[in-house]
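Containing compact mmCIF, C-alpha atoms and all ligand atoms: protein_24.txt.
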# COMPACT_ATOMS: atom_id res chain seq x y z
CA MET A 257 0.00 0.00 0.00
CA SER A 258 1.23 3.53 -0.73
CA ASP A 259 2.39 5.91 1.99
CA LEU A 260 -0.10 8.33 0.43
CA GLN A 261 -3.01 6.12 1.34
CA THR A 262 -4.29 4.81 4.63
CA ALA A 263 -7.16 2.50 3.59
CA PRO A 264 -6.70 -0.50 1.28
CA CYS A 265 -8.11 -0.25 -2.23
CA ARG A 266 -11.65 -1.64 -2.64
CA VAL A 267 -12.04 -4.10 -5.47
CA LEU A 268 -15.36 -3.35 -7.17
CA ASP A 269 -16.83 -6.74 -7.99
CA GLY A 270 -18.55 -6.52 -11.37
CA VAL A 271 -19.63 -10.16 -11.29
CA ALA A 272 -21.59 -9.64 -8.05
CA VAL A 273 -23.16 -6.35 -9.18
CA ALA A 274 -24.09 -7.87 -12.55
CA LYS A 275 -25.79 -10.78 -10.77
CA ALA A 276 -27.73 -8.35 -8.56
CA ILE A 277 -28.87 -6.44 -11.68
CA ARG A 278 -30.00 -9.68 -13.36
CA ASP A 279 -31.70 -10.97 -10.20
CA GLY A 280 -33.57 -7.67 -10.09
CA LEU A 281 -34.99 -8.41 -13.55
CA ALA A 282 -36.50 -11.79 -12.65
CA GLU A 283 -39.91 -10.53 -11.53
CA ARG A 284 -40.23 -8.22 -14.54
CA VAL A 285 -39.30 -11.10 -16.87
CA ALA A 286 -42.01 -13.26 -15.24
CA THR A 287 -44.61 -10.49 -15.69
CA LEU A 288 -43.60 -10.07 -19.34
CA ARG A 289 -43.91 -13.80 -19.94
CA GLY A 290 -47.52 -13.58 -18.79
CA ARG A 291 -48.26 -10.47 -20.81
CA LEU A 292 -46.50 -11.50 -24.05
CA GLY A 293 -47.08 -15.24 -23.85
CA ARG A 294 -43.32 -15.68 -24.38
CA PRO A 295 -40.09 -14.49 -22.74
CA PRO A 296 -38.65 -11.11 -23.71
CA ALA A 297 -36.56 -11.72 -26.82
CA LEU A 298 -33.30 -10.31 -28.12
CA GLY A 299 -32.02 -10.89 -31.67
CA ILE A 300 -28.23 -10.74 -32.05
CA VAL A 301 -26.77 -10.47 -35.54
CA LEU A 302 -23.18 -11.66 -35.92
CA VAL A 303 -21.49 -11.06 -39.27
CA GLY A 304 -18.37 -13.16 -39.87
CA ASN A 305 -16.29 -15.07 -37.31
CA ASP A 306 -14.19 -12.52 -35.43
CA PRO A 307 -12.82 -14.63 -32.53
CA ALA A 308 -13.35 -11.96 -29.83
CA SER A 309 -16.91 -11.34 -31.08
CA GLU A 310 -17.60 -15.10 -30.93
CA VAL A 311 -16.61 -15.06 -27.23
CA TYR A 312 -18.70 -11.96 -26.43
CA VAL A 313 -21.74 -13.28 -28.27
CA ARG A 314 -21.51 -16.66 -26.52
CA GLY A 315 -21.49 -14.81 -23.18
CA LYS A 316 -24.56 -12.78 -24.18
CA VAL A 317 -26.48 -15.88 -25.31
CA ARG A 318 -25.59 -17.76 -22.11
CA THR A 319 -26.43 -14.84 -19.80
CA GLY A 320 -29.70 -14.26 -21.65
CA ALA A 321 -30.73 -17.87 -21.09
CA GLU A 322 -29.75 -17.63 -17.38
CA SER A 323 -31.89 -14.50 -17.10
CA GLY A 324 -34.97 -16.22 -18.60
CA LEU A 325 -34.79 -14.36 -21.92
CA THR A 326 -34.85 -15.71 -25.45
CA VAL A 327 -31.69 -14.80 -27.34
CA ASP A 328 -31.70 -15.63 -31.06
CA LEU A 329 -28.27 -15.62 -32.63
CA ILE A 330 -28.49 -14.83 -36.35
CA ARG A 331 -25.23 -15.61 -38.11
CA MET A 332 -24.31 -14.03 -41.42
CA PRO A 333 -21.22 -14.91 -43.48
CA ALA A 334 -18.26 -12.50 -43.58
CA THR A 335 -19.08 -12.11 -47.29
CA ALA A 336 -22.53 -10.65 -46.56
CA SER A 337 -23.12 -7.23 -48.10
CA LEU A 338 -24.32 -4.18 -46.20
CA ASP A 339 -27.65 -4.52 -48.03
CA ASP A 340 -27.95 -8.12 -46.74
CA LEU A 341 -27.24 -6.93 -43.20
CA LEU A 342 -29.70 -4.04 -43.38
CA ALA A 343 -32.36 -6.41 -44.75
CA GLU A 344 -31.84 -8.63 -41.68
CA VAL A 345 -32.08 -5.62 -39.36
CA ARG A 346 -35.34 -4.54 -41.06
CA ARG A 347 -36.72 -8.07 -40.70
CA LEU A 348 -35.99 -7.95 -36.96
CA ASN A 349 -37.46 -4.42 -36.74
CA ALA A 350 -40.73 -5.84 -38.10
CA SER A 351 -40.60 -9.13 -36.19
CA PRO A 352 -43.30 -9.49 -33.51
CA ALA A 353 -41.15 -12.19 -31.89
CA HIS A 354 -38.25 -9.81 -31.08
CA ASP A 355 -38.27 -6.94 -28.58
CA ALA A 356 -34.64 -5.88 -28.97
CA ILE A 357 -31.86 -6.07 -31.56
CA LEU A 358 -28.07 -5.97 -31.31
CA VAL A 359 -25.66 -6.06 -34.24
CA GLN A 360 -22.30 -7.23 -32.90
CA SER A 361 -19.31 -4.93 -33.47
CA PRO A 362 -16.86 -4.78 -35.11
CA LEU A 363 -18.38 -5.38 -38.54
CA PRO A 364 -16.10 -6.79 -41.26
CA ALA A 365 -14.03 -3.97 -42.81
CA ALA A 366 -15.34 -4.96 -46.26
CA LEU A 367 -18.75 -3.50 -45.30
CA GLY A 368 -17.19 -0.03 -45.47
CA PRO A 369 -16.25 2.68 -42.99
CA HIS A 370 -19.82 3.85 -42.37
CA ALA A 371 -21.45 0.44 -41.97
CA GLU A 372 -21.94 0.69 -38.20
CA MET A 373 -23.47 4.16 -38.42
CA THR A 374 -25.82 2.95 -41.17
CA VAL A 375 -26.87 0.04 -38.95
CA PHE A 376 -27.47 2.39 -36.00
CA GLU A 377 -29.65 4.54 -38.31
CA THR A 378 -31.63 1.49 -39.44
CA ILE A 379 -32.39 -0.24 -36.12
CA ASP A 380 -35.83 0.70 -34.80
CA PRO A 381 -35.00 3.01 -31.84
CA ALA A 382 -37.64 1.15 -29.76
CA LYS A 383 -35.67 -2.11 -30.25
CA ASP A 384 -32.19 -0.61 -29.97
CA ALA A 385 -30.63 -2.85 -27.28
CA ASP A 386 -27.27 -1.04 -27.45
CA GLY A 387 -28.71 2.47 -27.26
CA PHE A 388 -26.62 3.55 -30.26
CA SER A 389 -29.36 4.83 -32.59
CA PRO A 390 -29.17 8.62 -33.11
CA ILE A 391 -32.65 8.92 -31.56
CA ASN A 392 -31.56 7.23 -28.33
CA VAL A 393 -28.26 9.14 -28.26
CA GLY A 394 -30.24 12.38 -28.64
CA ARG A 395 -32.54 11.34 -25.82
CA LEU A 396 -29.49 10.59 -23.69
CA VAL A 397 -28.21 14.12 -24.30
CA GLN A 398 -31.62 15.33 -23.06
CA ASN A 399 -31.48 12.96 -20.06
CA ARG A 400 -34.64 11.09 -21.07
CA ALA A 401 -33.25 7.93 -22.68
CA THR A 402 -34.71 4.60 -21.63
CA LEU A 403 -32.35 2.53 -23.82
CA ARG A 404 -28.84 3.68 -22.92
CA SER A 405 -25.43 2.43 -24.00
CA CYS A 406 -24.81 -0.71 -21.94
CA THR A 407 -21.19 -0.24 -20.82
CA PRO A 408 -21.52 3.27 -19.35
CA ALA A 409 -24.96 2.40 -17.94
CA GLY A 410 -23.30 -0.58 -16.22
CA VAL A 411 -20.59 1.68 -14.81
CA MET A 412 -23.28 3.96 -13.34
CA GLU A 413 -24.95 0.95 -11.71
CA MET A 414 -21.60 -0.10 -10.27
CA LEU A 415 -20.96 3.36 -8.79
CA ARG A 416 -24.46 3.65 -7.33
CA ARG A 417 -24.62 0.13 -5.91
CA SER A 418 -21.13 0.59 -4.40
CA ASP A 419 -22.26 3.84 -2.67
CA ILE A 420 -19.63 5.90 -4.45
CA PRO A 421 -20.81 9.51 -4.38
CA ILE A 422 -21.13 11.14 -7.81
CA ALA A 423 -22.96 14.46 -7.33
CA GLY A 424 -20.55 17.33 -6.87
CA ARG A 425 -17.49 15.13 -7.56
CA ARG A 426 -14.91 15.63 -10.28
CA ALA A 427 -15.13 12.90 -12.95
CA VAL A 428 -12.58 12.45 -15.72
CA VAL A 429 -13.35 10.16 -18.67
CA ILE A 430 -10.37 9.14 -20.82
CA GLY A 431 -11.67 8.16 -24.27
CA ARG A 432 -14.39 9.80 -26.37
CA SER A 433 -15.85 6.95 -28.41
CA ASP A 434 -19.54 6.99 -29.32
CA ILE A 435 -20.11 3.70 -27.51
CA VAL A 436 -18.29 4.33 -24.21
CA GLY A 437 -16.56 7.68 -23.61
CA LYS A 438 -19.23 10.13 -24.79
CA PRO A 439 -22.28 8.41 -23.25
CA MET A 440 -20.25 7.84 -20.06
CA ALA A 441 -19.54 11.56 -19.78
CA LEU A 442 -23.23 12.38 -20.32
CA MET A 443 -24.41 9.89 -17.70
CA LEU A 444 -21.93 11.25 -15.12
CA LEU A 445 -23.02 14.79 -16.01
CA HIS A 446 -26.69 13.88 -15.50
CA ALA A 447 -25.73 12.45 -12.11
CA ASN A 448 -24.32 15.91 -11.29
CA ALA A 449 -20.61 15.18 -11.50
CA THR A 450 -18.35 17.86 -12.95
CA VAL A 451 -17.02 16.07 -16.00
CA THR A 452 -13.87 16.38 -18.12
CA VAL A 453 -13.47 14.28 -21.27
CA CYS A 454 -9.92 13.46 -22.39
CA HIS A 455 -8.58 11.94 -25.62
CA SER A 456 -5.40 11.41 -27.59
CA ARG A 457 -4.83 15.16 -28.03
CA THR A 458 -5.30 16.10 -24.35
CA ALA A 459 -2.28 18.01 -23.02
CA ASP A 460 -0.71 16.74 -19.77
CA LEU A 461 -3.19 13.91 -19.40
CA PRO A 462 -1.81 12.59 -16.07
CA ALA A 463 -2.33 16.02 -14.45
CA VAL A 464 -5.92 16.24 -15.72
CA ALA A 465 -6.63 12.65 -14.61
CA ARG A 466 -5.23 13.40 -11.14
CA GLU A 467 -8.06 15.91 -10.61
CA ALA A 468 -10.59 13.07 -10.72
CA ASP A 469 -12.51 11.65 -7.81
CA ILE A 470 -13.90 9.20 -10.38
CA LEU A 471 -11.58 8.25 -13.25
CA VAL A 472 -13.08 6.20 -16.11
CA VAL A 473 -10.60 4.81 -18.62
CA ALA A 474 -11.77 3.53 -22.03
CA ILE A 475 -8.97 3.77 -24.58
CA GLY A 476 -7.89 0.23 -25.51
CA ARG A 477 -4.21 0.52 -24.42
CA THR A 478 -2.75 -2.05 -22.06
CA GLY A 479 -1.88 -0.62 -18.65
CA PHE A 480 -1.73 2.94 -20.00
CA VAL A 481 -3.01 4.52 -16.79
CA THR A 482 -0.39 4.27 -14.05
CA ARG A 483 -0.21 5.54 -10.46
CA ASP A 484 0.83 9.00 -11.75
CA PHE A 485 -2.68 9.44 -13.18
CA VAL A 486 -4.51 8.76 -9.94
CA LYS A 487 -5.36 11.00 -7.01
CA PRO A 488 -4.96 9.07 -3.74
CA GLY A 489 -8.32 7.56 -2.78
CA ALA A 490 -9.93 8.06 -6.21
CA THR A 491 -12.30 5.53 -7.76
CA VAL A 492 -10.85 4.08 -10.97
CA ILE A 493 -13.09 2.33 -13.50
CA ASP A 494 -11.17 0.30 -16.07
CA VAL A 495 -13.28 -0.30 -19.18
CA GLY A 496 -10.39 -1.54 -21.34
CA MET A 497 -10.19 -5.11 -22.60
CA ASN A 498 -6.80 -5.98 -24.04
CA THR A 499 -4.76 -9.12 -24.55
CA LEU A 500 -1.39 -9.07 -22.75
CA THR A 501 1.30 -11.39 -24.12
CA ASP A 502 4.42 -9.70 -22.72
CA ALA A 503 5.98 -11.81 -19.94
CA ALA A 504 8.02 -8.91 -18.53
CA THR A 505 4.85 -6.88 -17.95
CA VAL A 506 3.17 -9.86 -16.28
CA GLU A 507 6.17 -10.22 -13.94
CA ALA A 508 6.15 -6.51 -13.11
CA TRP A 509 2.41 -6.43 -12.44
CA TYR A 510 1.67 -9.60 -10.49
CA PRO A 511 3.42 -11.33 -7.55
CA PRO A 512 5.18 -14.65 -8.29
CA ASP A 513 2.60 -16.90 -6.58
CA SER A 514 -0.48 -15.09 -7.96
CA LYS A 515 -3.31 -16.71 -9.93
CA ARG A 516 -2.71 -14.26 -12.76
CA ARG A 517 0.87 -15.46 -13.21
CA ALA A 518 -0.37 -19.07 -13.21
CA THR A 519 -3.01 -18.24 -15.83
CA PHE A 520 -0.39 -16.55 -18.01
CA ALA A 521 1.99 -19.50 -17.67
CA LYS A 522 -0.79 -21.82 -18.88
CA ALA A 523 -2.45 -19.71 -21.57
CA GLY A 524 0.42 -17.49 -22.78
CA SER A 525 -1.81 -14.44 -22.59
CA LEU A 526 -4.02 -12.53 -20.16
CA LEU A 527 -7.13 -10.40 -20.51
CA VAL A 528 -6.14 -7.05 -19.00
CA GLY A 529 -7.43 -3.50 -18.90
CA ASP A 530 -6.21 0.00 -19.70
CA VAL A 531 -5.12 0.47 -16.08
CA ASP A 532 -1.88 -0.83 -14.56
CA PRO A 533 -3.14 -2.97 -11.65
CA ARG A 534 -0.51 -1.41 -9.36
CA VAL A 535 -2.80 1.64 -9.36
CA ALA A 536 -4.43 -0.21 -6.44
CA GLU A 537 -1.54 1.12 -4.31
CA VAL A 538 -3.04 4.63 -4.67
CA ALA A 539 -6.72 4.29 -5.64
CA GLY A 540 -9.57 4.05 -3.14
CA ALA A 541 -11.53 1.66 -5.39
CA LEU A 542 -10.75 -0.12 -8.64
CA THR A 543 -12.60 -2.37 -11.06
CA PRO A 544 -10.59 -5.49 -11.96
CA VAL A 545 -10.17 -6.89 -15.47
CA PRO A 546 -11.62 -9.44 -15.91
CA GLY A 547 -14.59 -9.34 -13.52
CA GLY A 548 -15.24 -5.59 -13.51
CA VAL A 549 -17.04 -3.69 -16.24
CA GLY A 550 -17.43 -6.60 -18.70
CA PRO A 551 -20.17 -8.50 -16.80
CA LEU A 552 -22.02 -5.22 -16.17
CA THR A 553 -22.22 -4.54 -19.90
CA VAL A 554 -23.93 -7.88 -20.47
CA ALA A 555 -26.28 -7.38 -17.50
CA MET A 556 -27.34 -3.98 -18.87
CA LEU A 557 -27.99 -5.58 -22.27
CA MET A 558 -30.48 -7.88 -20.53
CA ASN A 559 -31.92 -4.86 -18.72
CA ASN A 560 -32.38 -2.99 -22.03
CA THR A 561 -34.11 -6.01 -23.56
CA VAL A 562 -36.56 -6.08 -20.65
CA VAL A 563 -37.12 -2.31 -20.85
CA ALA A 564 -37.80 -2.57 -24.61
CA ALA A 565 -40.21 -5.48 -24.06
CA GLU A 566 -42.08 -3.60 -21.35
CA ALA A 567 -42.47 -0.54 -23.57
CA ARG A 568 -43.70 -2.66 -26.51
CA SER A 569 -46.11 -4.68 -24.43
CA SER A 570 -47.73 -1.61 -22.92
CA SER A 571 -47.97 0.46 -26.13
P1 LIG B 601 -12.19 3.42 -29.41
O1 LIG B 601 -13.43 3.64 -30.18
O2 LIG B 601 -10.97 2.89 -30.08
O3 LIG B 601 -11.81 4.82 -28.75
C1 LIG B 601 -10.64 4.95 -28.02
C2 LIG B 601 -10.58 6.34 -27.40
O4 LIG B 601 -9.40 6.40 -26.63
C3 LIG B 601 -10.52 7.47 -28.42
O5 LIG B 601 -11.35 8.53 -28.02
C4 LIG B 601 -9.05 7.88 -28.39
O6 LIG B 601 -8.84 9.25 -28.58
C5 LIG B 601 -8.68 7.56 -26.96
N1 LIG B 601 -7.25 7.30 -26.86
C6 LIG B 601 -6.52 6.39 -27.56
N2 LIG B 601 -5.23 6.48 -27.21
C7 LIG B 601 -5.15 7.46 -26.28
C8 LIG B 601 -4.08 8.02 -25.56
N3 LIG B 601 -2.82 7.61 -25.72
N4 LIG B 601 -4.36 9.00 -24.68
C9 LIG B 601 -5.61 9.45 -24.52
N5 LIG B 601 -6.68 8.95 -25.17
C10 LIG B 601 -6.43 7.97 -26.06
O7 LIG B 601 -12.41 2.51 -28.15
P2 LIG B 601 -13.76 2.06 -27.36
O8 LIG B 601 -14.63 1.31 -28.29
O9 LIG B 601 -14.29 3.20 -26.57
O10 LIG B 601 -13.10 1.00 -26.36
C11 LIG B 601 -12.11 1.35 -25.43
C12 LIG B 601 -11.67 0.10 -24.67
O11 LIG B 601 -12.78 -0.38 -23.94
C13 LIG B 601 -11.22 -1.07 -25.54
O12 LIG B 601 -10.21 -1.77 -24.85
C14 LIG B 601 -12.45 -1.94 -25.65
O13 LIG B 601 -12.14 -3.30 -25.89
C15 LIG B 601 -13.03 -1.74 -24.27
N6 LIG B 601 -14.47 -1.98 -24.16
C16 LIG B 601 -14.86 -2.76 -23.11
C17 LIG B 601 -16.21 -2.98 -22.90
C18 LIG B 601 -16.62 -3.80 -21.73
O14 LIG B 601 -17.75 -4.27 -21.68
N7 LIG B 601 -15.74 -3.97 -20.73
C19 LIG B 601 -17.16 -2.45 -23.78
C20 LIG B 601 -16.72 -1.63 -24.82
C21 LIG B 601 -15.37 -1.40 -24.99
P3 LIG B 601 -9.13 10.01 -29.99
O15 LIG B 601 -10.62 10.17 -30.04
O16 LIG B 601 -8.41 11.30 -29.85
O17 LIG B 601 -8.60 9.09 -31.07

Could you quickly redo this structure as C-alpha cells?
Amino acid sequence: MSDLQTAPCRVLDGVAVAKAIRDGLAERVATLRGRLGRPPALGIVLVGNDPASEVYVRGKVRTGAESGLTVDLIRMPATASLDDLLAEVRRLNASPAHDAILVQSPLPAALGPHAEMTVFETIDPAKDADGFSPINVGRLVQNRATLRSCTPAGVMEMLRRSDIPIAGRRAVVIGRSDIVGKPMALMLLHANATVTVCHSRTADLPAVAREADILVVAIGRTGFVTRDFVKPGATVIDVGMNTLTDAATVEAWYPPDSKRRATFAKAGSLLVGDVDPRVAEVAGALTPVPGGVGPLTVAMLMNNTVVAAEARSSS
C-alpha cells in the first residue's frame, strides 16, 4: 500500500453487481412472460467469425438464457453485403417475436467505414438494445433515454450500488468513443458530477486525470493509466479489454505466486485492462479486469431487452 493512502483499495466486484442487476430483472421477466405469452426476446446479428466477437456473443447468449430471456443468434457470413445486413435488421425491426436487436461490433471492414453508423440509423429506436441509434443518443443528451449504451450504464450501476458519491465530484473520462466515452460523460453529467473528457490530443493527461474523484478509462491501451494518473483515494473504473502477451509486464504487475501469473503460464496471454493494476496502491476503489465492467455490460444488455419489451407490451 502507498504511503499516500491509509485505507486499502476496494475491489469493485462486477460479477456480483451484474448478478444483482440480473436478479432484479427476474420478476419483470415473469410479468412479461404472462403479458407477451413468451419471454422477452433479443435478436443478435453476428457477421463473420471474429474470434473476440464469438466469445462476447456466446457470453450474451448464455447470460440471456440464465436471465430467462430468449436470445436468437443470427449468423451471417463475412461475405454478406451491407444490403444483406440491413435487410436482416429490417426483418428484426418488423418481427413481432423480437423486442430488442443488437448487431455485434466490429463489422467486417469490407462492409465499409460507415457500416456501423448505417446500422445504428436502421435499427428501430424502440428495439435498440445497445442504445446507439441517433434517436436514443439524442434522448441521452436530453437525459430522457430509456435505452442507454450498456457499458456506461453498467458503470453507473456499479458506482451507485457501491455507494460511491457522484454528485458534486470531479469525474474524468479518458476516451471519447460513441459507444463508451461520450455516453459515459453524459451519464456522469446527469448524475451531477463535474465532468472532463480526455482523448489522444489532451495536453498533460496525467495532471488532468489526477483531478478526478472518479476516473473512467476507455482507450484500448494495455496498462496505459499508471499511479501517476490517480489522485490518492480516487475511484478508478477500467473499461479496457486488451490481450497481454508480454511476460516482462506480467512479472512486473503480479506477484510470483499469484493466480494471474499461473493463468499466463498456462495460456500465454491474459485479458487485462487499460489500467496498470498497481494503481491499487493509490486508488480508493478499482474495477478489476476481468470481472469488472465486462459482466455489467452484459447485464445492462439484458436490462435494455426487458425495458424494450415492457415498452412494446404496454404500447
Ligand atoms: P475506441 O473507439 O478505439 O476509442 C478509443 C478512445 O481512446 C478514443 O477517443 C481515443 O482518442 C482515446 N485514446 C486512444 N489512445 C489514447 C491516448 N494515448 N491518450 C488518450 N486517449 C487515447 O475505443 P472504445 O470502443 O471506446 O473501447 C475502449 C476500450 O474499452 C477497448 O479496450 C475496448 O475493448 C473496451 N471496451 C470494453 C467494454 C466492456 O464491456 N468492458 C465495452 C466496450 C469497450 P481520440 O478520439 O483522440 O482518437

Closest contacts (chain A/ligand LIG 601 (chain B), max 6 Å, only C-alpha atoms and all ligand atoms) as JSON lines:
{"residue": "A:Thr407", "atom": "CA", "partner": "B:LIG601", "partner_atom": "O14", "distance": 5.4}
{"residue": "A:Ile430", "atom": "CA", "partner": "B:LIG601", "partner_atom": "N5", "distance": 5.7}
{"residue": "A:Gly431", "atom": "CA", "partner": "B:LIG601", "partner_atom": "O4", "distance": 3.7}
{"residue": "A:Arg432", "atom": "CA", "partner": "B:LIG601", "partner_atom": "O5", "distance": 3.7}
{"residue": "A:Ser433", "atom": "CA", "partner": "B:LIG601", "partner_atom": "O9", "distance": 4.5}
{"residue": "A:Ile435", "atom": "CA", "partner": "B:LIG601", "partner_atom": "O9", "distance": 5.9}
{"residue": "A:Val436", "atom": "CA", "partner": "B:LIG601", "partner_atom": "O9", "distance": 4.8}
{"residue": "A:Gly437", "atom": "CA", "partner": "B:LIG601", "partner_atom": "O9", "distance": 5.8}
{"residue": "A:His455", "atom": "CA", "partner": "B:LIG601", "partner_atom": "N5", "distance": 3.6}
{"residue": "A:Ser456", "atom": "CA", "partner": "B:LIG601", "partner_atom": "C9", "distance": 3.6}
{"residue": "A:Arg457", "atom": "CA", "partner": "B:LIG601", "partner_atom": "O16", "distance": 5.6}
{"residue": "A:Ala474", "atom": "CA", "partner": "B:LIG601", "partner_atom": "C11", "distance": 4.1}
{"residue": "A:Ile475", "atom": "CA", "partner": "B:LIG601", "partner_atom": "O4", "distance": 3.4}
{"residue": "A:Gly476", "atom": "CA", "partner": "B:LIG601", "partner_atom": "O12", "distance": 3.1}
{"residue": "A:Val495", "atom": "CA", "partner": "B:LIG601", "partner_atom": "N7", "distance": 4.7}
{"residue": "A:Gly496", "atom": "CA", "partner": "B:LIG601", "partner_atom": "O12", "distance": 3.5}
{"residue": "A:Met497", "atom": "CA", "partner": "B:LIG601", "partner_atom": "O12", "distance": 4.0}
{"residue": "A:Asn498", "atom": "CA", "partner": "B:LIG601", "partner_atom": "O12", "distance": 5.5}
{"residue": "A:Val549", "atom": "CA", "partner": "B:LIG601", "partner_atom": "N7", "distance": 4.7}
{"residue": "A:Gly550", "atom": "CA", "partner": "B:LIG601", "partner_atom": "N7", "distance": 3.7}
{"residue": "A:Thr553", "atom": "CA", "partner": "B:LIG601", "partner_atom": "O14", "distance": 4.8}

When you look at stretch 503-517 of chain A with a cut-off of 8 Å (counting all atoms listed in the file), what residues show up, excluding the ones that are within fewer than 5 positions of it in the same chain? I need them as a ChimeraX atom specification.
/A:526,532-534

Calculated over all atoms listed in the file, which of the candidates A:Thr491, A:Asn305, A:Ser351, A:Thr378 has the smallest distance to A:Ala468?
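The shortest atom-to-atom distance to A:Ala468 comes from A:Thr491.
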
Using all atoms listed in the file, which of A:Leu557, A:Val273, A:Val486, A:Leu552 sits nearest A:Ala536?
A:Val486

A:Pro296: which residues within 9 Å, counting only C-alpha atoms, same-chain residues fewer than 4 positions away excluded, as a compact mmCIF listing (two decimals) with C-alpha atoms, keeping the file's coordinate frame?
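Output contents, as saved in result_28.txt:
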# COMPACT_ATOMS: atom_id res chain seq x y z
CA VAL A 285 -39.30 -11.10 -16.87
CA LEU A 288 -43.60 -10.07 -19.34
CA ARG A 289 -43.91 -13.80 -19.94
CA LEU A 292 -46.50 -11.50 -24.05
CA GLY A 324 -34.97 -16.22 -18.60
CA LEU A 325 -34.79 -14.36 -21.92
CA THR A 326 -34.85 -15.71 -25.45
CA VAL A 327 -31.69 -14.80 -27.34
CA ALA A 353 -41.15 -12.19 -31.89
CA HIS A 354 -38.25 -9.81 -31.08
CA ASP A 355 -38.27 -6.94 -28.58
CA ALA A 356 -34.64 -5.88 -28.97
CA THR A 561 -34.11 -6.01 -23.56
CA VAL A 562 -36.56 -6.08 -20.65
CA ALA A 564 -37.80 -2.57 -24.61
CA ALA A 565 -40.21 -5.48 -24.06
CA GLU A 566 -42.08 -3.60 -21.35

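Atom CA of A:Arg284 is found 23.6 Å from atom CA of A:Asn399.
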
Using atom CA of A:Val303 and atom CA of A:Ile379 as the two end points, give the distance in Å to one decimal.
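Pair atom CA of A:Val303 / atom CA of A:Ile379 returns 15.7 Å.
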
Adding 6 Å on each side of the box along x, y and z that holds all listed atoms of stretch 529-542 of chain A, could you give its centre and edge lengths in Å to one decimal, as lines of an AutoDock Vina configuration file?
center_x = -6.0
center_y = 0.6
center_z = -11.4
size_x = 23.0
size_y = 20.1
size_z = 28.6

I'd like the interatomic distance between atom CA of A:Ala441 and atom CA of A:Ala409, to a tenth of an Å.
10.8 Å

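With distances restricted to all atoms listed in the file, A:Lys383 is the closest residue to A:Ala567 from A:Arg266, A:Lys383, A:His370, A:Arg347.
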
Residue nearest A:Val267 - candidates A:Ala447, A:Leu298, A:Met414, A:Val464, atoms counted: all atoms listed in the file:
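Once distances to A:Val267 are computed over all atoms listed in the file, the minimum belongs to A:Met414.
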
Choose the residue, out of A:Ile422, A:Leu415, A:Ala521, A:Ala555, that has the smallest atom-to-atom separation from A:Gly280; count all atoms listed in the file.
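Residue with the minimum atom-to-atom distance to A:Gly280: A:Ala555.
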
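Distances to A:Lys438 were evaluated for A:Gly394, A:Gly424, A:Gly479, A:Pro362 using all atoms listed in the file, and the minimum falls at A:Gly394.
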
Can you tell me which residues surround A:Pro544 at a distance of at most 10 Å, considering only C-alpha atoms, apart from same-chain residues fewer than 2 positions away, and format the answer as a ChimeraX atom specification?
/A:267-270,492-495,528-529,531,533,536,541-542,546-550

Just C-alpha atoms for this one: save the residues we selected as a compact mmCIF listing (two decimals), in the coordinates of the input.
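See out_17.txt below for the written result:
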# COMPACT_ATOMS: atom_id res chain seq x y z
CA VAL A 267 -12.04 -4.10 -5.47
CA LEU A 268 -15.36 -3.35 -7.17
CA ASP A 269 -16.83 -6.74 -7.99
CA GLY A 270 -18.55 -6.52 -11.37
CA VAL A 492 -10.85 4.08 -10.97
CA ILE A 493 -13.09 2.33 -13.50
CA ASP A 494 -11.17 0.30 -16.07
CA VAL A 495 -13.28 -0.30 -19.18
CA VAL A 528 -6.14 -7.05 -19.00
CA GLY A 529 -7.43 -3.50 -18.90
CA VAL A 531 -5.12 0.47 -16.08
CA PRO A 533 -3.14 -2.97 -11.65
CA ALA A 536 -4.43 -0.21 -6.44
CA ALA A 541 -11.53 1.66 -5.39
CA LEU A 542 -10.75 -0.12 -8.64
CA PRO A 546 -11.62 -9.44 -15.91
CA GLY A 547 -14.59 -9.34 -13.52
CA GLY A 548 -15.24 -5.59 -13.51
CA VAL A 549 -17.04 -3.69 -16.24
CA GLY A 550 -17.43 -6.60 -18.70

Who sits within 8 Å of A:Ser323, only C-alpha atoms, same chain under 6 positions skipped, as a list of chain:residue names
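The residues that qualify are A:Arg278, A:Asp279, A:Leu281, A:Ala282, A:Met558.
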